[in-house]
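Asks: This is target_20.cif (mmCIF, N, CA and C atoms).
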```
data_work
loop_
_atom_site.label_atom_id
_atom_site.label_comp_id
_atom_site.auth_asym_id
_atom_site.auth_seq_id
_atom_site.Cartn_x
_atom_site.Cartn_y
_atom_site.Cartn_z
N MET I 1 18.12 -82.54 -17.41
CA MET I 1 17.51 -81.91 -18.56
C MET I 1 17.68 -80.39 -18.52
N LYS I 2 17.49 -79.81 -17.31
CA LYS I 2 17.66 -78.37 -17.18
C LYS I 2 19.08 -77.94 -17.51
N ASN I 3 20.06 -78.76 -17.14
CA ASN I 3 21.45 -78.43 -17.41
C ASN I 3 21.74 -78.39 -18.90
N ILE I 4 21.15 -79.30 -19.65
CA ILE I 4 21.33 -79.33 -21.09
C ILE I 4 20.72 -78.09 -21.73
N VAL I 5 19.52 -77.73 -21.31
CA VAL I 5 18.86 -76.52 -21.83
C VAL I 5 19.68 -75.29 -21.49
N SER I 6 20.17 -75.21 -20.27
CA SER I 6 21.00 -74.07 -19.86
C SER I 6 22.27 -74.00 -20.70
N LEU I 7 22.88 -75.13 -20.94
CA LEU I 7 24.09 -75.17 -21.75
C LEU I 7 23.83 -74.69 -23.16
N ILE I 8 22.73 -75.12 -23.73
CA ILE I 8 22.37 -74.70 -25.09
C ILE I 8 22.10 -73.20 -25.14
N LEU I 9 21.42 -72.67 -24.14
CA LEU I 9 21.12 -71.24 -24.10
C LEU I 9 22.37 -70.39 -23.90
N LEU I 10 23.36 -70.93 -23.20
CA LEU I 10 24.58 -70.18 -22.95
C LEU I 10 25.63 -70.36 -24.04
N PHE I 11 25.39 -71.25 -24.98
CA PHE I 11 26.32 -71.48 -26.08
C PHE I 11 26.51 -70.19 -26.86
N PRO I 12 27.72 -69.73 -27.02
CA PRO I 12 27.92 -68.45 -27.70
C PRO I 12 27.56 -68.54 -29.18
N LEU I 13 26.51 -67.84 -29.52
CA LEU I 13 26.04 -67.85 -30.90
C LEU I 13 26.99 -67.14 -31.85
N GLN I 14 27.91 -66.35 -31.30
CA GLN I 14 28.88 -65.66 -32.14
C GLN I 14 29.75 -66.65 -32.90
N LEU I 15 29.89 -67.85 -32.36
CA LEU I 15 30.69 -68.87 -33.03
C LEU I 15 30.06 -69.30 -34.35
N LEU I 16 28.75 -69.10 -34.47
CA LEU I 16 28.05 -69.47 -35.69
C LEU I 16 27.98 -68.33 -36.69
N ALA I 17 28.45 -67.15 -36.30
CA ALA I 17 28.38 -65.98 -37.17
C ALA I 17 29.34 -66.13 -38.35
N GLN I 18 29.12 -65.29 -39.36
CA GLN I 18 29.96 -65.33 -40.55
C GLN I 18 31.39 -64.95 -40.18
N PRO I 19 32.36 -65.81 -40.47
CA PRO I 19 33.74 -65.47 -40.15
C PRO I 19 34.31 -64.51 -41.21
N PHE I 20 35.15 -63.61 -40.77
CA PHE I 20 35.82 -62.69 -41.69
C PHE I 20 37.26 -63.13 -41.86
N SER I 21 37.75 -62.97 -43.07
CA SER I 21 39.13 -63.38 -43.34
C SER I 21 40.08 -62.38 -42.68
N GLN I 22 41.30 -62.82 -42.49
CA GLN I 22 42.32 -61.96 -41.89
C GLN I 22 42.58 -60.75 -42.78
N THR I 23 42.48 -60.91 -44.08
CA THR I 23 42.68 -59.81 -45.02
C THR I 23 41.60 -58.75 -44.85
N GLU I 24 40.34 -59.19 -44.72
CA GLU I 24 39.25 -58.24 -44.52
C GLU I 24 39.44 -57.44 -43.22
N ILE I 25 39.82 -58.12 -42.18
CA ILE I 25 40.03 -57.45 -40.89
C ILE I 25 41.18 -56.45 -40.99
N GLN I 26 42.25 -56.83 -41.65
CA GLN I 26 43.40 -55.92 -41.81
C GLN I 26 43.01 -54.70 -42.64
N ASN I 27 42.19 -54.90 -43.69
CA ASN I 27 41.75 -53.77 -44.51
C ASN I 27 40.90 -52.80 -43.70
N TRP I 28 40.01 -53.33 -42.86
CA TRP I 28 39.17 -52.45 -42.02
C TRP I 28 40.01 -51.70 -41.01
N GLU I 29 40.99 -52.38 -40.42
CA GLU I 29 41.87 -51.71 -39.44
C GLU I 29 42.68 -50.61 -40.11
N LYS I 30 43.13 -50.87 -41.34
CA LYS I 30 43.89 -49.87 -42.09
C LYS I 30 43.01 -48.67 -42.41
N GLN I 31 41.78 -48.92 -42.82
CA GLN I 31 40.86 -47.83 -43.13
C GLN I 31 40.49 -47.06 -41.87
N ALA I 32 40.29 -47.75 -40.77
CA ALA I 32 39.92 -47.11 -39.51
C ALA I 32 41.02 -46.17 -39.02
N ALA I 33 42.27 -46.47 -39.35
CA ALA I 33 43.38 -45.61 -38.94
C ALA I 33 43.31 -44.25 -39.63
N ASN I 34 42.59 -44.14 -40.74
CA ASN I 34 42.47 -42.89 -41.49
C ASN I 34 41.29 -42.04 -41.03
N ILE I 35 40.61 -42.46 -39.97
CA ILE I 35 39.35 -41.83 -39.57
C ILE I 35 39.45 -41.28 -38.16
N SER I 36 38.87 -40.10 -37.97
CA SER I 36 38.71 -39.53 -36.63
C SER I 36 37.23 -39.23 -36.42
N ILE I 37 36.69 -39.67 -35.29
CA ILE I 37 35.31 -39.36 -34.93
C ILE I 37 35.38 -38.57 -33.64
N ILE I 38 34.94 -37.33 -33.70
CA ILE I 38 34.94 -36.46 -32.54
C ILE I 38 33.50 -36.10 -32.23
N ARG I 39 33.09 -36.38 -31.01
CA ARG I 39 31.72 -36.06 -30.59
C ARG I 39 31.73 -34.74 -29.83
N ASP I 40 30.78 -33.87 -30.19
CA ASP I 40 30.68 -32.59 -29.50
C ASP I 40 29.95 -32.75 -28.17
N ASN I 41 29.67 -31.64 -27.50
CA ASN I 41 29.03 -31.68 -26.17
C ASN I 41 27.63 -32.29 -26.22
N TYR I 42 27.00 -32.33 -27.39
CA TYR I 42 25.67 -32.89 -27.53
C TYR I 42 25.69 -34.35 -28.00
N GLY I 43 26.89 -34.88 -28.20
CA GLY I 43 27.02 -36.26 -28.64
C GLY I 43 26.97 -36.43 -30.15
N ILE I 44 26.93 -35.32 -30.87
CA ILE I 44 26.88 -35.37 -32.35
C ILE I 44 28.26 -35.77 -32.87
N PRO I 45 28.33 -36.82 -33.72
CA PRO I 45 29.64 -37.22 -34.25
C PRO I 45 30.07 -36.32 -35.41
N HIS I 46 31.31 -35.89 -35.36
CA HIS I 46 31.92 -35.16 -36.47
C HIS I 46 32.99 -36.10 -37.02
N VAL I 47 32.79 -36.56 -38.25
CA VAL I 47 33.63 -37.61 -38.82
C VAL I 47 34.60 -36.98 -39.82
N TYR I 48 35.87 -37.29 -39.65
CA TYR I 48 36.91 -36.80 -40.54
C TYR I 48 37.67 -37.99 -41.10
N GLY I 49 37.86 -37.98 -42.42
CA GLY I 49 38.58 -39.06 -43.08
C GLY I 49 39.49 -38.50 -44.15
N LYS I 50 40.51 -39.27 -44.51
CA LYS I 50 41.44 -38.83 -45.55
C LYS I 50 40.76 -38.82 -46.92
N THR I 51 39.78 -39.72 -47.10
CA THR I 51 39.05 -39.78 -48.37
C THR I 51 37.55 -39.78 -48.08
N ASP I 52 36.75 -39.61 -49.12
CA ASP I 52 35.31 -39.70 -48.95
C ASP I 52 34.90 -41.09 -48.46
N ALA I 53 35.55 -42.12 -48.97
CA ALA I 53 35.24 -43.49 -48.56
C ALA I 53 35.54 -43.69 -47.07
N ASP I 54 36.63 -43.08 -46.59
CA ASP I 54 36.95 -43.16 -45.17
C ASP I 54 35.87 -42.48 -44.33
N ALA I 55 35.41 -41.32 -44.79
CA ALA I 55 34.36 -40.60 -44.06
C ALA I 55 33.07 -41.39 -44.01
N VAL I 56 32.71 -42.06 -45.10
CA VAL I 56 31.50 -42.89 -45.13
C VAL I 56 31.65 -44.05 -44.15
N PHE I 57 32.80 -44.68 -44.15
CA PHE I 57 33.08 -45.78 -43.22
C PHE I 57 32.93 -45.29 -41.77
N GLY I 58 33.50 -44.13 -41.47
CA GLY I 58 33.42 -43.56 -40.13
C GLY I 58 32.00 -43.18 -39.75
N LEU I 59 31.25 -42.65 -40.72
CA LEU I 59 29.86 -42.26 -40.45
C LEU I 59 29.02 -43.48 -40.10
N LEU I 60 29.18 -44.56 -40.84
CA LEU I 60 28.42 -45.77 -40.54
C LEU I 60 28.86 -46.35 -39.19
N TYR I 61 30.14 -46.26 -38.88
CA TYR I 61 30.63 -46.73 -37.59
C TYR I 61 29.96 -45.94 -36.46
N ALA I 62 29.92 -44.62 -36.60
CA ALA I 62 29.29 -43.77 -35.58
C ALA I 62 27.79 -44.06 -35.48
N GLN I 63 27.15 -44.26 -36.62
CA GLN I 63 25.72 -44.57 -36.61
C GLN I 63 25.46 -45.90 -35.91
N CYS I 64 26.31 -46.89 -36.13
CA CYS I 64 26.16 -48.18 -35.45
C CYS I 64 26.37 -48.04 -33.95
N GLU I 65 27.30 -47.17 -33.54
CA GLU I 65 27.49 -46.93 -32.11
C GLU I 65 26.21 -46.34 -31.49
N ASP I 66 25.56 -45.45 -32.23
CA ASP I 66 24.40 -44.74 -31.70
C ASP I 66 23.12 -45.57 -31.74
N ASP I 67 22.92 -46.30 -32.83
CA ASP I 67 21.63 -46.99 -33.00
C ASP I 67 21.78 -48.18 -33.93
N PHE I 68 22.50 -49.21 -33.46
CA PHE I 68 22.75 -50.37 -34.30
C PHE I 68 21.46 -51.09 -34.70
N LYS I 69 20.49 -51.10 -33.79
CA LYS I 69 19.24 -51.81 -34.08
C LYS I 69 18.57 -51.24 -35.34
N ARG I 70 18.57 -49.91 -35.47
CA ARG I 70 17.94 -49.30 -36.65
C ARG I 70 18.73 -49.62 -37.91
N VAL I 71 20.06 -49.57 -37.83
CA VAL I 71 20.90 -49.90 -38.98
C VAL I 71 20.62 -51.33 -39.43
N GLU I 72 20.57 -52.25 -38.46
CA GLU I 72 20.33 -53.65 -38.77
C GLU I 72 18.94 -53.87 -39.36
N LEU I 73 17.92 -53.22 -38.80
CA LEU I 73 16.56 -53.37 -39.33
C LEU I 73 16.44 -52.79 -40.74
N ASN I 74 17.11 -51.68 -41.02
CA ASN I 74 17.10 -51.13 -42.38
C ASN I 74 17.73 -52.10 -43.36
N TYR I 75 18.82 -52.75 -42.94
CA TYR I 75 19.49 -53.74 -43.79
C TYR I 75 18.57 -54.93 -44.06
N ILE I 76 17.95 -55.44 -43.01
CA ILE I 76 17.03 -56.58 -43.14
C ILE I 76 15.85 -56.20 -44.04
N ASP I 77 15.35 -54.98 -43.87
CA ASP I 77 14.23 -54.50 -44.70
C ASP I 77 14.61 -54.50 -46.17
N LYS I 78 15.78 -53.99 -46.51
CA LYS I 78 16.19 -53.92 -47.92
C LYS I 78 16.55 -55.27 -48.51
N LEU I 79 16.75 -56.27 -47.65
CA LEU I 79 16.92 -57.63 -48.13
C LEU I 79 15.58 -58.30 -48.44
N GLY I 80 14.48 -57.65 -48.01
CA GLY I 80 13.16 -58.24 -48.18
C GLY I 80 12.91 -59.35 -47.19
N ARG I 81 13.45 -59.21 -45.97
CA ARG I 81 13.32 -60.27 -44.96
C ARG I 81 12.79 -59.73 -43.63
N LEU I 82 12.12 -58.59 -43.67
CA LEU I 82 11.64 -57.96 -42.44
C LEU I 82 10.54 -58.78 -41.76
N SER I 83 9.77 -59.52 -42.55
CA SER I 83 8.71 -60.33 -41.96
C SER I 83 9.28 -61.47 -41.10
N GLU I 84 10.51 -61.84 -41.33
CA GLU I 84 11.14 -62.86 -40.48
C GLU I 84 11.36 -62.32 -39.08
N VAL I 85 11.48 -61.00 -38.95
CA VAL I 85 11.69 -60.37 -37.65
C VAL I 85 10.36 -59.93 -37.05
N ASN I 86 9.51 -59.29 -37.86
CA ASN I 86 8.28 -58.67 -37.35
C ASN I 86 7.02 -59.50 -37.55
N GLY I 87 7.12 -60.58 -38.28
CA GLY I 87 5.95 -61.41 -38.50
C GLY I 87 5.19 -61.06 -39.77
N GLU I 88 3.98 -61.61 -39.88
CA GLU I 88 3.17 -61.50 -41.10
C GLU I 88 2.85 -60.09 -41.52
N LYS I 89 2.80 -59.15 -40.60
CA LYS I 89 2.40 -57.79 -40.94
C LYS I 89 3.33 -57.14 -41.97
N ASP I 90 4.57 -57.62 -42.10
CA ASP I 90 5.51 -57.05 -43.06
C ASP I 90 5.72 -57.94 -44.29
N LEU I 91 4.88 -58.93 -44.46
CA LEU I 91 5.03 -59.85 -45.58
C LEU I 91 4.88 -59.14 -46.93
N TYR I 92 3.87 -58.28 -47.06
CA TYR I 92 3.66 -57.58 -48.33
C TYR I 92 4.77 -56.59 -48.61
N ASN I 93 5.31 -55.98 -47.57
CA ASN I 93 6.47 -55.11 -47.75
C ASN I 93 7.65 -55.90 -48.31
N ASP I 94 7.90 -57.09 -47.76
CA ASP I 94 8.99 -57.94 -48.25
C ASP I 94 8.78 -58.33 -49.71
N LEU I 95 7.56 -58.67 -50.05
CA LEU I 95 7.26 -59.04 -51.44
C LEU I 95 7.51 -57.86 -52.38
N LEU I 96 7.11 -56.67 -51.96
CA LEU I 96 7.33 -55.48 -52.78
C LEU I 96 8.82 -55.21 -52.96
N ILE I 97 9.57 -55.30 -51.89
CA ILE I 97 11.03 -55.08 -51.97
C ILE I 97 11.66 -56.08 -52.93
N ARG I 98 11.25 -57.33 -52.83
CA ARG I 98 11.84 -58.36 -53.70
C ARG I 98 11.43 -58.20 -55.17
N LEU I 99 10.26 -57.60 -55.40
CA LEU I 99 9.84 -57.33 -56.77
C LEU I 99 10.57 -56.13 -57.36
N VAL I 100 10.82 -55.13 -56.55
CA VAL I 100 11.38 -53.87 -57.04
C VAL I 100 12.90 -53.91 -57.12
N ILE I 101 13.54 -54.45 -56.09
CA ILE I 101 15.00 -54.45 -56.04
C ILE I 101 15.52 -55.73 -56.69
N ASP I 102 16.29 -55.54 -57.75
CA ASP I 102 16.84 -56.66 -58.50
C ASP I 102 18.35 -56.75 -58.22
N THR I 103 18.78 -57.83 -57.64
CA THR I 103 20.18 -58.01 -57.27
C THR I 103 21.08 -57.97 -58.51
N ALA I 104 20.64 -58.57 -59.60
CA ALA I 104 21.46 -58.60 -60.82
C ALA I 104 21.69 -57.19 -61.34
N ASP I 105 20.65 -56.35 -61.30
CA ASP I 105 20.80 -54.96 -61.73
C ASP I 105 21.75 -54.20 -60.82
N ALA I 106 21.65 -54.45 -59.52
CA ALA I 106 22.53 -53.77 -58.57
C ALA I 106 23.99 -54.16 -58.81
N ILE I 107 24.24 -55.43 -59.07
CA ILE I 107 25.61 -55.89 -59.35
C ILE I 107 26.11 -55.27 -60.64
N LYS I 108 25.27 -55.20 -61.65
CA LYS I 108 25.65 -54.59 -62.93
C LYS I 108 25.97 -53.11 -62.76
N ASP I 109 25.12 -52.40 -62.00
CA ASP I 109 25.37 -50.98 -61.75
C ASP I 109 26.67 -50.77 -60.99
N TYR I 110 26.94 -51.63 -60.01
CA TYR I 110 28.18 -51.51 -59.25
C TYR I 110 29.39 -51.77 -60.15
N THR I 111 29.29 -52.79 -60.99
CA THR I 111 30.39 -53.12 -61.90
C THR I 111 30.69 -51.97 -62.85
N ASN I 112 29.66 -51.27 -63.31
CA ASN I 112 29.83 -50.17 -64.25
C ASN I 112 30.13 -48.84 -63.57
N ALA I 113 30.11 -48.78 -62.26
CA ALA I 113 30.33 -47.53 -61.54
C ALA I 113 31.80 -47.12 -61.62
N PRO I 114 32.07 -45.80 -61.57
CA PRO I 114 33.46 -45.35 -61.55
C PRO I 114 34.15 -45.76 -60.24
N ASP I 115 35.48 -45.80 -60.27
CA ASP I 115 36.25 -46.27 -59.11
C ASP I 115 35.98 -45.45 -57.85
N TRP I 116 35.83 -44.12 -57.99
CA TRP I 116 35.61 -43.28 -56.81
C TRP I 116 34.30 -43.66 -56.12
N LEU I 117 33.27 -44.02 -56.90
CA LEU I 117 31.99 -44.40 -56.32
C LEU I 117 32.07 -45.78 -55.68
N LYS I 118 32.81 -46.70 -56.29
CA LYS I 118 32.99 -48.03 -55.71
C LYS I 118 33.67 -47.94 -54.34
N LYS I 119 34.65 -47.03 -54.21
CA LYS I 119 35.34 -46.85 -52.93
C LYS I 119 34.37 -46.34 -51.86
N ILE I 120 33.48 -45.42 -52.24
CA ILE I 120 32.50 -44.90 -51.29
C ILE I 120 31.53 -45.99 -50.90
N LEU I 121 31.07 -46.77 -51.86
CA LEU I 121 30.13 -47.85 -51.57
C LEU I 121 30.76 -48.92 -50.70
N ALA I 122 32.03 -49.21 -50.94
CA ALA I 122 32.73 -50.20 -50.12
C ALA I 122 32.94 -49.67 -48.70
N GLY I 123 33.06 -48.32 -48.58
CA GLY I 123 33.24 -47.70 -47.25
C GLY I 123 32.05 -47.97 -46.39
#
```
Give the structure from this file in structure tokens form.
Replies:
Amino acid sequence: MKNIVSLILLFPLQLLAQPFSQTEIQNWEKQAANISIIRDNYGIPHVYGKTDADAVFGLLYAQCEDDFKRVELNYIDKLGRLSEVNGEKDLYNDLLIRLVIDTADAIKDYTNAPDWLKKILAG
């Protein structure tokens, strides 16, 4: 019985993660080639990109290197699912987020956005 439990605990959960298509991976690699992240003596990232969208991509990459947990929690919070992580104390926050943030409006705003803004948002 212990062996089965150990096997289940050691099962790589990454296999259950969302798979990315080869095209998506190639696009990210192509965009990453346009970015330079140079850290100064204090560890502050200085991000350089060929376009604004490249710089945004690089900035988020550097932020994930520094503090991925915060980036992930902010994302979960804006999905209105923070109570799944923190428990009942964040239930009202999740309800408020779900009342205020409308996915249909966000999709409509993105669709109507100019191309330069879409590139930054995709970055």
Asks: Figure out the distance between atom CA of I:Asp54 and atom CA of I:Asn34, please, to one decimal in Å.
Replies: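 Atom-to-atom, atom CA of I:Asn34 and atom CA of I:Asp54 are spaced 6.6 Å apart.
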Asks: Using atom N of I:Arg70 and atom C of I:Gly87 as the two end points, give the distance in Å to one decimal.
Replies: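 We find that atom N of I:Arg70 and atom C of I:Gly87 lie 17.9 Å from each other.
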Asks: Written as a PyMOL selection string, what is the full residue list that the PyMOL selection byres (((chain I and resi 38 and name CA) around 12) and name CA) yields on the file shown?
Replies: chain I and resi 35-37+39-49+58-59+62
Asks: Identify all residues of stretch 50-118 of chain I in helix (DSSP H, G or I) (DSSP on the backbone) and supply them as a PyMOL selection string.
Replies: chain I and resi 52-78+83-86+88-100+103-112+115-118
Asks: Separation of atom CA of I:Ala53 and atom CA of I:Ile120, in Å?
Replies: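 Computing the Euclidean distance for atom CA of I:Ala53 and atom CA of I:Ile120 yields 4.1 Å.
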Asks: Quick check for you: according to DSSP on this backbone, which residues of chain I are classed as strand (DSSP E or B)? Reply as a list in words.
Replies: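 These are the residues in question: Ile35, Ser36, Ile37, Ile38, Arg39, Pro45, His46, Val47, Tyr48 and Gly49 of chain I.
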Asks: Put a box with edges along x, y and z around all the listed atoms of stretch 32-44 of chain I, pad it by 3 Å on each side, then give me its centre and sizes in Å, one decimal, as lines of an AutoDock Vina configuration file.
Replies:
```
center_x = 34.5
center_y = -39.7
center_z = -33.8
size_x = 23.7
size_y = 22.1
size_z = 21.3
```
Asks: Can you pull out every residue within 12 Å of stretch 22-25 of chain I, counting only C-alpha atoms, but drop anything in the same chain fewer than 6 positions away, and send it as a ChimeraX atom specification?
Replies: /I:31-32,122
Asks: So that I can check the surroundings of I:Arg98, please list as a PyMOL selection string every protein, DNA and RNA residue that reaches within 8 Å of it, counting all atoms listed in the file and ignoring chain neighbours fewer than 2 positions away.
Replies: chain I and resi 77-81+92-96+100-103
